[in-house]
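Chemist: Handing you this structure, nothing more for now.
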4 protein chains.
Amino acid sequence: MTSGARYRDGLREDVLAANLGLVRQNLVTLTWGNASGIDRDAGVIAIKASGVDYATMDVDDIVILTLDGEIVEGDRKPSTDMPTHLELYRSFSEIGGVIHTHSTWATSWAQAELEIPILGTTHADFCPGPIPLSRHLSAEEIATSYELNTGIALRELIAENGVEDLPAALVPGHGPFVWGKDPNDALERATTLEAVAQMALLSVALRPGIPPLESAIVDRHFRRKHGPDAYYGQAD
Amino acid sequence: MTSGARYRDGLREDVLAANLGLVRQNLVTLTWGNASGIDRDAGVIAIKASGVDYATMDVDDIVILTLDGEIVEGDRKPSTDMPTHLELYRSFSEIGGVIHTHSTWATSWAQAELEIPILGTTHADFCPGPIPLSRHLSAEEIATSYELNTGIALRELIAENGVEDLPAALVPGHGPFVWGKDPNDALERATTLEAVAQMALLSVALRPGIPPLESAIVDRHFRRKHGPDAYYGQAD
Amino acid sequence: MTSGARYRDGLREDVLAANLGLVRQNLVTLTWGNASGIDRDAGVIAIKASGVDYATMDVDDIVILTLDGEIVEGDRKPSTDMPTHLELYRSFSEIGGVIHTHSTWATSWAQAELEIPILGTTHADFCPGPIPLSRHLSAEEIATSYELNTGIALRELIAENGVEDLPAALVPGHGPFVWGKDPNDALERATTLEAVAQMALLSVALRPGIPPLESAIVDRHFRRKHGPDAYYGQAD
Amino acid sequence: MTSGARYRDGLREDVLAANLGLVRQNLVTLTWGNASGIDRDAGVIAIKASGVDYATMDVDDIVILTLDGEIVEGDRKPSTDMPTHLELYRSFSEIGGVIHTHSTWATSWAQAELEIPILGTTHADFCPGPIPLSRHLSAEEIATSYELNTGIALRELIAENGVEDLPAALVPGHGPFVWGKDPNDALERATTLEAVAQMALLSVALRPGIPPLESAIVDRHFRRKHGPDAYYGQAD
């Protein structure tokens with residue numbers, strides 16, 4: 001591309017910061033996990049390159065691509081999960097950042113192929129229902145465009161729940177995907193998901209068959225942080 | 001307020017230190033959790049602002065309020081849990097610091113809606129009985145002054161147990177509240193509660209139905225650290 | 001005492017180092033836990049003062065006492081567990097360092113009142129049998145010289161097993177006591193015990209009723225590290 | 001040996017780095033664990049000395065030996081597990097680095113004497129089947145060349161599975177052995193094994209009897225990272 005690339009200053013830096021944040025929040029081992037962000041005006045995304053070392057990662061390890069997956073800038077191959085990220089950006093204009101990890105506790109739920117039940121206000125502050133599993137892919141879907149089909153299954157699940165009510169999902173036997181308004185928001189949500197997953201697992205270990213949090217508390221907490229009546233935090 | 005605010009030097013600094021201590025003791029994720037302290041002579045409390053980042057937190061993020069919740073000093077909104085803190089300060093003159101967290105192990109007990117049984121001397125050094133759950137709130141109590149009503153339920157529980165024998169409680173489906181003679185004392189107690197909660201969960205996993213610690217040991221340990229016959233630590 | 005105190009240079013420093021090592025090895029929370037060491041020629045022990053902060057601990061927080069518990073040097077009160085340490089030093093000339101902690105995993109076994117079964121070579125490298133529980137104290141023993149009686153119960157257990165075969169024991173409902181040839185050896189053993197306790201708990205969670213390690217492997221590993229045929233490590 | 005030792009520059013440094021990497025990845029406690037590497041042209045291996053402290057470890061703690069176990073360079077005794085490493089290097093020309101640890105989660109599976117089932121894509125990215133246990137040694141094999149016989153049992157298991165499909169195995173009641181194309185590759189695999197072991201244990205705790213990952217996903221993920229059709233990471 002020409003040096004006059006038209007995407008906003010700071011896009012690659014923000015995506016780099018979210019990727020490095022995965023390490024700081026103990027959400028990645030080795031080179032696993034990837035964060036991306038979008039500039040909707042420019043129609044491009046920025047995403048981590050495949051298999052690069054977090055310890056030496058810099059902006060040159062962040063690749064710029066069109067929404068069709070054409071590389072616009074960067075000498076490195078993008079994350080193999082790039083087609084999953086792109087499907088989410090193409091499908092939901094509300095999504096400005098996407099993260100995939102193999103974080104320990106959320107992945108343990110994904111491997112057990114169990115949705116994460118809503119057991120407390122930490123979860124209700126995050127979303128108003130269980131963290132669901134996306135559907136199984138067919139043999140055909142696995143054999144052909146596997147990563148794109150993973151994105152399609154996630155898109156179906158988000159459409160069903162409403163993007164405003166679903167910040168994350170578990171791909172069965174794989175691990176979590178998380179999205180937000182920008183890469184940093186996705187990072188905070190990935191961090192929250194892992195904490196919610198850990199506490200849900202420990203609560204279930206203490207008391208198998210524990211009922212979900214009562215809906216009056218769920219509603220109160222979700223509305224305390226989200227939507228027109230939110231009163232948590234400072235005004236932006 | 002005027003610059004001649006009449007509260008003791010160091011109140012905001014002590015409350016800031018207790019909030020930062022929550023991070024050091026691994027009791028908080030992201031912006032969750034809040035610590036406060038009181039100056040009873042001045043009739044004001046200091047509490048963390050809502051949703052602020054621990055990494056950059058300074059005294060400007062500590063808000064001063066009257067016991068009725070009127071802001072006396074500070075440009076930021078206080079923690080949403082402020083009415084819970086205030087109810088505890090108004091009800092018990094022995095309380096000089098209050099902390100609320102979503103710490104992993106204590107919150108897992110709160111989500112399982114189980115009191116933490118007294119299984120060892122670490123717990124007996126802390127308090128002479130199980131860590132109880134406060135009662136469920138009614139739909140009405142949740143819909144109206146939710147945070148105040150949380151404080152009222154805690155106040156009832158403390159009154160029942162005696163403030164000298166109850167340093168902490170679990171709000172069901174939510175997480176722990178902890179109090180002490182000052183913010184740092186509350187921090188030490190929040191740290192102790194989390195260790196007690198973790199070891200109780202692991203002990204119960206090893207041996208479901210384990211009986212509580214025998215009362216002769218409970219009494220010996222609680223009196224070793226508390227009350228007129230205490231002989232642990234250095235004389236103040 | 002006179003300034004010509006006759007105990008070896010470095011005794012207090014070694015005991016301080018072992019106490020600080022407890023923090024580095026994640027074996028203590030707040031002020032819990034204590035390490036001591038002995039100078040048998042001088043007939044004195046050095047032990048941590050009671051309830052002091054590890055972050056600011058220095059040699060002035062290490063108290064020197066006779067084997068009868070008379071303070072020889074130091075302005076602070078010794079650890080409340082001092083009488084337990086003294087009973088072990090008086091009873092076994094092989095013991096040169098003693099440590100008590102409330103470390104998470106070992107304490108969870110102590111609270112469950114279960115001995116730690118020998119399930120692997122990590123444990124067999126450490127000792128040739130389960131980590132046992134000391135006996136319960138009588139109401140009389142708890143009410144009177146509680147800490148001394150804890151030491152007497154440990155002494156009986158060590159005498160039964162042989163001090164060369166028993167590096168540690170669990171006080172039921174309380175936590176681990178560990179001893180070694182000097183304070184640093186006791187620290188390494190306290191670290192090993194915690195790792196052994198964690199892996200035993202996880203192994204039992206995976207497979208309840210798991211049989212102990214076969215005795216041929218236990219013998220091989222214990223003799224690989226201990227006794228006349230040991231071949232692990234460098235010659236001293 | 002003469003100062004003209006004919007092994008490649010950097011062999012000892014690479015082996016030192018892999019040993020220190022075990023600490024950084026939280027795979028070792030105290031002096032446990034050892035990493036080695038080979039120079040096949042020179043016919044020598046480099047391995048950690050026995051029982052040395054990781055905090056002060058340097059290249060002088062890395063011993064050079066022939067494939068028959070003769071010391072070529074170094075003043076220290078090699079790791080007691082050296083005969084196990086040598087048997088793997090002698091048996092498989094593909095192996096360029098070997099690591100043994102007592103890492104917490106993998107060792108817990110080894111102690112439970114259960115193979116690690118393949119429950120997710122993190123595992124499928126690593127190897128296409130369960131992580132197996134090597135066979136039990138006979139009393140005769142334990143009493144005589146114990147460490148060599150451990151290597152022979154691992155060699156039989158690798159031969160059965162194919163070295164390209166088996167990066168690691170569990171010695172029952174002991175812990176994991178891991179191999180790779182060089183010491184750093186073995187370190188990455190030891191790190192992966194520990195993460196896989198932890199998530200498998202947590203998944204099984206959540207849902208006992210959980211079925212293995214479907215084979216279509218296993219194949220897709222293993223081939224995404226390994227073999228002629230691999231497309232993960234950057235071209236070497």
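For the structure tokens, the naming scheme is as follows: chains receive sequential letters (A, B, ...) according to their order of presentation, residues are indexed from 1 within each chain, and ligands are indexed from 1 in presentation order.
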Would you tabulate, counting only C-alpha atoms, all residues of chain A that have an atom at most 7 Å from an atom of chain D, showing the closest pair of atoms and their distance in Å to one decimal, sorted by chain then ascending number, as JSON lines?
Modeler:
```
{"residue": "A:Ser50", "atom": "CA", "partner": "D:Gly233", "partner_atom": "CA", "distance": 4.5}
{"residue": "A:Gly51", "atom": "CA", "partner": "D:Gly233", "partner_atom": "CA", "distance": 4.1}
{"residue": "A:Val52", "atom": "CA", "partner": "D:Gly233", "partner_atom": "CA", "distance": 7.0}
{"residue": "A:Arg76", "atom": "CA", "partner": "D:Gln234", "partner_atom": "CA", "distance": 6.9}
{"residue": "A:Lys77", "atom": "CA", "partner": "D:Gln234", "partner_atom": "CA", "distance": 6.3}
{"residue": "A:Thr80", "atom": "CA", "partner": "D:Tyr232", "partner_atom": "CA", "distance": 6.1}
{"residue": "A:Thr104", "atom": "CA", "partner": "D:Met199", "partner_atom": "CA", "distance": 6.0}
{"residue": "A:Ser108", "atom": "CA", "partner": "D:Ser203", "partner_atom": "CA", "distance": 4.8}
{"residue": "A:Trp109", "atom": "CA", "partner": "D:Ser203", "partner_atom": "CA", "distance": 6.3}
{"residue": "A:Gln111", "atom": "CA", "partner": "D:Gly120", "partner_atom": "CA", "distance": 5.5}
{"residue": "A:Ala112", "atom": "CA", "partner": "D:Ser203", "partner_atom": "CA", "distance": 5.1}
{"residue": "A:Ala139", "atom": "CA", "partner": "D:Ala216", "partner_atom": "CA", "distance": 6.5}
{"residue": "A:Ile142", "atom": "CA", "partner": "D:Ile217", "partner_atom": "CA", "distance": 6.8}
{"residue": "A:Gly173", "atom": "CA", "partner": "D:Gly120", "partner_atom": "CA", "distance": 4.4}
{"residue": "A:His174", "atom": "CA", "partner": "D:Thr121", "partner_atom": "CA", "distance": 5.1}
{"residue": "A:Leu201", "atom": "CA", "partner": "D:Leu206", "partner_atom": "CA", "distance": 6.9}
```
Chemist: Enumerate the residues of stretch 44-175 of chain A with a DSSP assignment of helix (DSSP H, G or I), computed from the backbone, and present them as a ChimeraX atom specification.
Modeler: /A:54-56,59-61,82-91,104-112,121-124,139-143,146-161
Chemist: Which residues in stretch 38-219 of chain D does DSSP call strand (DSSP E)? List them as a list in words.
Modeler: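 Here is the list: Ile38, Asp39, Val44, Ile45, Ala46, Ile47, Lys48, Ile62, Val63, Ile64, Leu65, Thr66, Ile71, Val72, Glu73, Gly97, Val98, Ile99, His100, Ala168, Ala169, Leu170, Val171, Gly175, Pro176, Phe177, Val178, Trp179 and Gly180 of chain D.
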Chemist: Take the residues from that selection and put them in a file with C-alpha atoms, as a short mmCIF file (atom, residue, chain, number, x, y, z; two decimals), in the first residue's frame.
Modeler:
```cif
data_model
loop_
_atom_site.label_atom_id
_atom_site.label_comp_id
_atom_site.auth_asym_id
_atom_site.auth_seq_id
_atom_site.Cartn_x
_atom_site.Cartn_y
_atom_site.Cartn_z
CA ILE D 38 22.10 -32.39 22.01
CA ASP D 39 24.72 -31.65 19.38
CA VAL D 44 27.35 -34.94 23.03
CA ILE D 45 24.53 -33.69 25.18
CA ALA D 46 24.40 -30.78 27.64
CA ILE D 47 22.32 -31.18 30.80
CA LYS D 48 21.73 -29.36 34.10
CA ILE D 62 25.59 -27.29 32.55
CA VAL D 63 27.52 -30.55 32.09
CA ILE D 64 28.60 -31.98 28.69
CA LEU D 65 28.44 -35.77 28.27
CA THR D 66 28.77 -38.35 25.51
CA ILE D 71 31.49 -36.56 31.25
CA VAL D 72 33.28 -34.53 28.59
CA GLU D 73 33.22 -31.13 30.27
CA GLY D 97 15.87 -31.39 23.61
CA VAL D 98 14.42 -33.18 26.65
CA ILE D 99 12.76 -31.77 29.78
CA HIS D 100 11.60 -33.39 33.00
CA ALA D 168 5.21 -35.81 26.04
CA ALA D 169 4.29 -38.63 28.40
CA LEU D 170 3.61 -39.15 32.09
CA VAL D 171 5.70 -41.53 34.19
CA GLY D 175 5.70 -36.71 36.55
CA PRO D 176 6.03 -35.57 32.93
CA PHE D 177 8.85 -36.01 30.43
CA VAL D 178 8.69 -33.80 27.33
CA TRP D 179 10.86 -33.68 24.20
CA GLY D 180 11.22 -31.43 21.15
#
```
Chemist: So that I can see what lies close to stretch 155-164 of chain C, please list as number ranges by chain the residues with an atom at most 10 Å from it, counting only C-alpha atoms and leaving out residues fewer than 3 positions away in the same chain.
Modeler: C: 84, 87-95, 127-129, 132-135, 149-152, 167-169, 179-180, 226-227
Chemist: Using atom CA of B:Asn26 and atom CA of B:Gly74 as the two end points, give the distance in Å to one decimal.
Modeler: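 Distance reported for this atom pair: 27.2 Å.
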Chemist: If you measure from atom CA of C:Val59 to atom CA of C:Ser103, what distance in Å do you get, rounded to one decimal?
Modeler: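 Calculated distance between atom CA of C:Val59 and atom CA of C:Ser103 is 23.6 Å.
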Chemist: Quick check, in Å to one decimal: how far apart do atom CA of B:Gly21 and atom CA of B:Tyr54 lie?
Modeler: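 Distance reported for this atom pair: 10.0 Å.
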Chemist: Please provide as a ChimeraX atom specification all residues within 12 Å of B:Thr56, with the sequence filter that same-chain residues fewer than 5 positions apart are discarded (counting only C-alpha atoms).
Modeler: /B:16,19-20,31,51,61
